[in-house]
Amino acid sequence: MKKFTVIIGSAIIFTLLAVSHAFGQTSLYSDVPMDHVNYDALDYLTDEQVIEGYSDGNYGPAKEINRAEFMKILMKPLMTDEQLNDPANTGCFTDVEDEWFAPYICYANDNGIVEGYPDGEFKPANNINFSEAAKIIANANNLDISNTPVEDEERWFQPFVESLDNASAVPLSIEYFDEKIKRDEMAEMIYRIETKNTEKASRSYKELNGENLISGESCKSLATLYKEQFAYNNYYYSEPIDFVLVDEDMAEAEEANLEPTSTLRQEAKTDSATAGSVEADAAAPAPAAADDYSSTNVQVAGVDEADIIKNDGQYIYIIKDSTIRIVEAYPAENLEELVSITLGEEDQSFYPVNMYVDGDTMTVIGNYNDYGPMPLAADSTLIKEPGIWQNYTKVYVLDISDRSNPKISREVQVSGNYRESRKVRGTVYLINTFYPNYYYQPYYEDLRGEDLLPRITDSANGEDQLAVDCGDVRIMPKPRNFEYIVAAAIPTETVDRPIDREVIMGGAQAIYASRKNLYVANTDWFGGFKRTPDDYSTALYKFNLGDGTIVYDQKGRVPGTVLNQFSMDEYQDNFRIATTKNSWQWDEDSTNNLYVLDSEMDIVGSVEGLAEGEQIYSVRFVGERAYMVTFERIDPLFVIGLSDPENPKVLGKLKIPGFSNYLHPYDENHLIGFGKEVDPGDNNLSDEEFNLWQQVQGMKIGLFDVTDPSKPKELFTEVIGDNGTSSPLLYDHKALLFDKEKELLAFPVSVFEYRDQYDCEEETYSTCPSECRKICVPSVCTFDNGIKVCTADCDGEASCIAPEFEYGQKVFEGAYVYDINLEEGFKLRGKIDHLNAEDALDLSETGWTDWNKQIQRLLYMGDNLYSVSRAVVKANDLNTLEELNEIELAGSSYDYPIIFEEPVAL
């Protein structure tokens, strides 16, 4: 092979030298191990003397390739020695002339394979991107592009990319049309075309363009995709992965008799601490349930959401650590823990997370981890079998017609981690995320394509089977890792009905469900067809919900990222979503946007660019309006009109101090906001000097009037405590108890306050002892870099308060109960806590309380108000808050299993 010294411009100098390559070497090049994803291509083209490495023995597979190198690698196999030495193949462009690369470029130009730039140059030193390379490769190899119309002038490269995909020539490492290709990627594309290798997985135009999901073909093709993607993600993994590519028709799973197998271990309670008989008192008449009782605070009417605590007007159902408790609660004098249920086998690590209760049916959802050995390859040198954690979600459907003696009626196990669920018309719609354990696969001797798929076990049909067949997996464009969304529709009223399911390659960060459709939102790092800030987007997966069915419908995408489920909504067949768009370019500010999508998940309307530099803190959709709170220093509440889906617009906004983490409709013209009060700081303080968490005050609740959407106003506000005050409601809407007709508003809260008396003696702020450095009276305070400081003496024994950047001390742990109406706003009805005298003393002296006694939920049955913590259930009179009854729940901690293993002798 010839030696070339290349000088391009005046700054790029490099030497390409032949590197010896002999059969049987452990590696072609020092930086290309034999398990390199493109080893075969580099080996073939080296033997054909098309490519060569550097003088140091390296090839530089990950280096970008310039247009001159590209043309040599592409054209050399297509040219004869006569054509290479033809003097006519020079000077075709002003910057080519007699350089070493001139024959390749000029021959390609003469044959219509390449074109120069309008200025008469070819620009050989420029690195080439994939779309340019696709056109040149397709032209050079006469690939058929006649049947591919260009749908968009901006995507002029479409027919060329599709022709490469038809030849299986686009390696999986290519993710964008405009990305610069690497030396090994170029070799791989040429190798596939030259050898007509169609066995390898190839990117499609639709994938690169970020279009709708594509379906798999077979277990063999799925395994091939995994094998190559894994290799691309792990260039230098120490061992190659041996996949056994099975036939397209999979072997039938072994049938097993899978009646509910888990043991339902339960303890009946005769009092709060003593286990008694499970037998019910047949002579005692069953008390009637309350006619009026609260339910879980949900986003959409008719769509139930799973929670840790439920009630049915007579009983309270509680998830406590690894157990489910059933408490008879109504009437209050009957308050009693009936039974503690533990699901799963003795050696299992099932941990309940959420539940539903509907009549005499309870559905418990939880995580189950199974630790087991993996089979070793015959030639393995490992001393012991490695173990691997397998994550599952288990769903138990219980018959609770006898509350003191529940029975399992259905048991379902689904691969992966539980994300969220919804319940509509007797069906629980489960969303899981599943990662196949392909990082452990080198330990397997034989691994088939179906071994990479999620599985489902259902006691109703007695089978352990694939969640879907290989050919039914919907593949997300450009997967960087193989995460699946596993969606399952589990009927709970008729426990022998089959479980419908879908499997999609993608992630799940938040879900929204109406009574007709379910939407999964996930940050899509590969959204667009160019590598630009616009690619930082949210992928949306739409599922249709039927009678016990879930069917994948469409995929959509919007710019930006979504905050939570309340950022999404469905209204009259349109889907609405609010996002914050952050740029990859750190010098650009964030913006906030709202998009309206039609039933095909195409964007039909939008409002963009709201509150530049701020972030969305909360969103709520109510009919033909959306309310959006963004924040940086002042809380703008935007009112957005959506009566015309194609032309949404901002109707009005209100700027007030603080921010709302959660917005709850009071009625169609009023809104309640829950968040934090914030001191916006001195007017002369710049945004760069402003530090949010130094300015945060207590918890704030506000009542807003949006009757006139152009002039929203804050009617009433209430601030609870000082910095440090918090509530589960700020991050979990299910912690709210609200009833407009009863004028009732209640939520758990931890209240912090600054200690208000310090003896500063006669020292200035700067010389006060650290424990006494507090802010003097406001009249002598100023702002210095966002922190209040004293500018005068502390004035003897004057009262001082702590600066905003310090937390206060906890002074209350419990729940606040308010009266709420439009005439008087918020009026504190009273407070409830679960602390005994010893707890109260600890709180006053140290500011600490037992976390088991933090109230989690409040609910009412008839005229009784119940508060539930992990340790206590208490009943109070709903109107006066007079304590009526209280019980302690048995046990207060979860015993985590500890696995001891003897050290391995090496």
# chains A, B, ... in the order shown; residues from 1 in each chain; ligands from 1
call {"tool": "residues_around", "arguments": {"residues": "A:Val114", "least_positions_apart": "4", "cutoff": "8 Å", "atoms": "only C-alpha atoms", "output": "list of chain:residue names"}}
result
A:Ile105, A:Ala108, A:Asn109, A:Ile136
call {"tool": "write_last_selection", "arguments": {"atoms": "all heavy atoms", "output": "tab-separated table (two decimals), in the first residue's frame"}}
result
chain	number	residue	atom	x	y	z
A	105	ILE	N	-11.68	12.29	-5.90
A	105	ILE	CA	-12.70	13.33	-5.93
A	105	ILE	C	-13.07	13.67	-7.37
A	105	ILE	O	-14.25	13.81	-7.72
A	105	ILE	CB	-12.21	14.58	-5.17
A	105	ILE	CG1	-12.03	14.26	-3.69
A	105	ILE	CG2	-13.17	15.75	-5.36
A	105	ILE	CD1	-11.38	15.36	-2.88
A	108	ALA	N	-15.09	10.93	-9.06
A	108	ALA	CA	-16.46	10.96	-8.56
A	108	ALA	C	-17.23	12.14	-9.13
A	108	ALA	O	-18.42	12.03	-9.46
A	108	ALA	CB	-16.44	11.04	-7.03
A	109	ASN	N	-16.57	13.26	-9.30
A	109	ASN	CA	-17.23	14.44	-9.88
A	109	ASN	C	-17.59	14.20	-11.34
A	109	ASN	O	-18.70	14.54	-11.78
A	109	ASN	CB	-16.31	15.64	-9.74
A	109	ASN	CG	-16.95	16.91	-10.28
A	109	ASN	OD1	-18.01	17.32	-9.84
A	109	ASN	ND2	-16.29	17.52	-11.26
A	136	ILE	N	-23.59	10.53	-1.14
A	136	ILE	CA	-22.43	10.14	-1.93
A	136	ILE	C	-22.33	8.62	-2.03
A	136	ILE	O	-22.06	8.06	-3.11
A	136	ILE	CB	-21.15	10.73	-1.31
A	136	ILE	CG1	-21.21	12.27	-1.35
A	136	ILE	CG2	-19.91	10.24	-2.05
A	136	ILE	CD1	-20.09	12.94	-0.60
call {"tool": "select_by_dssp", "arguments": {"residues": "stretch 392-640 of chain A", "states": "strand (DSSP E or B)", "output": "PyMOL selection string"}}
result
chain A and resi 392-399+407-415+417-424+427-434+447-448+455-458+463-466+474-475+484-491+500-505+510-513+517-524+537-545+550-559+561+568-571+574-581+591-597+603-610+615-622+625-631+634-640
call {"tool": "closest_residue", "arguments": {"among": "A:Glu743, A:Asp602, A:Asp569, A:Glu267", "to": "A:Val520", "atoms": "only C-alpha atoms"}}
result
A:Asp569
call {"tool": "residues_around", "arguments": {"residues": "A:Asp43", "least_positions_apart": "4", "cutoff": "8 Å", "atoms": "only C-alpha atoms", "output": "ChimeraX atom specification"}}
result
/A:28,39,47
call {"tool": "write_last_selection", "arguments": {"atoms": "N, CA and C atoms", "output": "PDB file, in the first residue's frame"}}
result
ATOM      1  N   LEU A  28      -6.519  -6.181  15.091  1.00  0.00           N
ATOM      2  CA  LEU A  28      -6.078  -5.459  13.896  1.00  0.00           C
ATOM      3  C   LEU A  28      -5.169  -4.298  14.262  1.00  0.00           C
ATOM      4  N   TYR A  39     -15.486  -4.539  14.047  1.00  0.00           N
ATOM      5  CA  TYR A  39     -14.236  -5.251  13.775  1.00  0.00           C
ATOM      6  C   TYR A  39     -14.247  -5.921  12.400  1.00  0.00           C
ATOM      7  N   ASP A  47      -7.762  -5.810   4.752  1.00  0.00           N
ATOM      8  CA  ASP A  47      -7.286  -6.841   3.836  1.00  0.00           C
ATOM      9  C   ASP A  47      -7.378  -6.384   2.384  1.00  0.00           C
TER      10      ASP A  47
END
call {"tool": "residues_around", "arguments": {"residues": "A:Leu143", "least_positions_apart": "4", "cutoff": "10 Å", "atoms": "only C-alpha atoms", "output": "MDAnalysis selection string"}}
result
chainID A and resid 135 137:139 159:160 162:164 166:167 193
call {"tool": "write_last_selection", "arguments": {"atoms": "N, CA, C and O atoms", "output": "PDB file, in the first residue's frame"}}
result
ATOM      1  N   LYS A 135     -25.750  10.483   0.656  1.00  0.00           N
ATOM      2  CA  LYS A 135     -25.960  10.816  -0.759  1.00  0.00           C
ATOM      3  C   LYS A 135     -24.807  10.301  -1.614  1.00  0.00           C
ATOM      4  O   LYS A 135     -25.016   9.685  -2.668  1.00  0.00           O
ATOM      5  N   ILE A 137     -22.573   7.907  -0.930  1.00  0.00           N
ATOM      6  CA  ILE A 137     -22.503   6.443  -0.945  1.00  0.00           C
ATOM      7  C   ILE A 137     -23.572   5.865  -1.859  1.00  0.00           C
ATOM      8  O   ILE A 137     -23.324   4.938  -2.650  1.00  0.00           O
ATOM      9  N   ALA A 138     -24.789   6.395  -1.773  1.00  0.00           N
ATOM     10  CA  ALA A 138     -25.876   5.888  -2.621  1.00  0.00           C
ATOM     11  C   ALA A 138     -25.563   6.102  -4.093  1.00  0.00           C
ATOM     12  O   ALA A 138     -25.784   5.213  -4.926  1.00  0.00           O
ATOM     13  N   ASN A 139     -25.062   7.275  -4.437  1.00  0.00           N
ATOM     14  CA  ASN A 139     -24.720   7.557  -5.838  1.00  0.00           C
ATOM     15  C   ASN A 139     -23.576   6.679  -6.311  1.00  0.00           C
ATOM     16  O   ASN A 139     -23.590   6.154  -7.437  1.00  0.00           O
ATOM     17  N   PRO A 159     -34.285  10.150   0.319  1.00  0.00           N
ATOM     18  CA  PRO A 159     -34.157   8.962  -0.559  1.00  0.00           C
ATOM     19  C   PRO A 159     -32.813   8.261  -0.411  1.00  0.00           C
ATOM     20  O   PRO A 159     -32.739   7.038  -0.539  1.00  0.00           O
ATOM     21  N   PHE A 160     -31.761   9.014  -0.136  1.00  0.00           N
ATOM     22  CA  PHE A 160     -30.436   8.406  -0.017  1.00  0.00           C
ATOM     23  C   PHE A 160     -30.321   7.600   1.281  1.00  0.00           C
ATOM     24  O   PHE A 160     -29.768   6.493   1.295  1.00  0.00           O
ATOM     25  N   GLU A 162     -32.852   6.243   2.903  1.00  0.00           N
ATOM     26  CA  GLU A 162     -33.705   5.063   2.773  1.00  0.00           C
ATOM     27  C   GLU A 162     -33.056   4.003   1.899  1.00  0.00           C
ATOM     28  O   GLU A 162     -33.210   2.806   2.136  1.00  0.00           O
ATOM     29  N   SER A 163     -32.316   4.414   0.893  1.00  0.00           N
ATOM     30  CA  SER A 163     -31.634   3.425   0.055  1.00  0.00           C
ATOM     31  C   SER A 163     -30.541   2.719   0.854  1.00  0.00           C
ATOM     32  O   SER A 163     -30.323   1.512   0.679  1.00  0.00           O
ATOM     33  N   LEU A 164     -29.854   3.433   1.737  1.00  0.00           N
ATOM     34  CA  LEU A 164     -28.850   2.790   2.584  1.00  0.00           C
ATOM     35  C   LEU A 164     -29.508   1.827   3.560  1.00  0.00           C
ATOM     36  O   LEU A 164     -28.990   0.735   3.814  1.00  0.00           O
ATOM     37  N   ASN A 166     -32.294   0.215   3.066  1.00  0.00           N
ATOM     38  CA  ASN A 166     -32.710  -0.969   2.289  1.00  0.00           C
ATOM     39  C   ASN A 166     -31.564  -1.936   2.090  1.00  0.00           C
ATOM     40  O   ASN A 166     -31.775  -3.145   1.919  1.00  0.00           O
ATOM     41  N   ALA A 167     -30.347  -1.414   2.126  1.00  0.00           N
ATOM     42  CA  ALA A 167     -29.158  -2.260   1.998  1.00  0.00           C
ATOM     43  C   ALA A 167     -28.597  -2.642   3.368  1.00  0.00           C
ATOM     44  O   ALA A 167     -27.502  -3.199   3.454  1.00  0.00           O
ATOM     45  N   ILE A 193     -22.209  -2.693   2.242  1.00  0.00           N
ATOM     46  CA  ILE A 193     -22.625  -2.628   0.840  1.00  0.00           C
ATOM     47  C   ILE A 193     -21.750  -3.531  -0.030  1.00  0.00           C
ATOM     48  O   ILE A 193     -22.243  -4.257  -0.907  1.00  0.00           O
TER      49      ILE A 193
END
call {"tool": "atom_distance", "arguments": {"atom1": "atom CA of A:Glu228", "atom2": "atom CA of A:Met71"}}
result
26.5 Å
call {"tool": "atom_distance", "arguments": {"atom1": "atom CA of A:Leu737", "atom2": "atom CA of A:Leu878"}}
result
12.2 Å
call {"tool": "residues_around", "arguments": {"residues": "A:Val303", "least_positions_apart": "3", "cutoff": "6 Å", "atoms": "only C-alpha atoms", "output": "VMD selection string"}}
result
chain A and resid 300 423 to 424
call {"tool": "residues_around", "arguments": {"residues": "A:Gly702", "least_positions_apart": "3", "cutoff": "6 Å", "atoms": "only C-alpha atoms", "output": "PyMOL selection string"}}
result
chain A and resi 672-673+716-717
call {"tool": "residues_around", "arguments": {"residues": "A:Asn58", "least_positions_apart": "2", "cutoff": "8 Å", "atoms": "only C-alpha atoms", "output": "PDB file with C-alpha atoms, in the first residue's frame"}}
result
ATOM      1  CA  TYR A  29      -4.985  -2.251  15.561  1.00  0.00           C
ATOM      2  CA  SER A  30      -3.954  -1.364  19.079  1.00  0.00           C
ATOM      3  CA  ASP A  31      -7.205   0.555  19.655  1.00  0.00           C
ATOM      4  CA  VAL A  32      -9.539  -1.966  17.945  1.00  0.00           C
ATOM      5  CA  GLY A  53      -3.928   2.840  10.397  1.00  0.00           C
ATOM      6  CA  TYR A  54      -1.480   5.296  11.881  1.00  0.00           C
ATOM      7  CA  SER A  55       2.234   4.836  12.514  1.00  0.00           C
ATOM      8  CA  ASP A  56       1.627   4.197  16.228  1.00  0.00           C
ATOM      9  CA  GLY A  60      -8.611   5.951  15.528  1.00  0.00           C
TER      10      GLY A  60
END
call {"tool": "atom_distance", "arguments": {"atom1": "atom CA of A:Gly426", "atom2": "atom CA of A:Arg325"}}
result
22.6 Å
call {"tool": "select_by_dssp", "arguments": {"residues": "stretch 131-171 of chain A", "states": "alpha helix (DSSP H)", "output": "PyMOL selection string"}}
result
chain A and resi 131-140+158-166
call {"tool": "closest_residue", "arguments": {"among": "A:Ala332, A:Asp839, A:Phe482, A:His670", "to": "A:Glu882", "atoms": "only C-alpha atoms"}}
result
A:Ala332
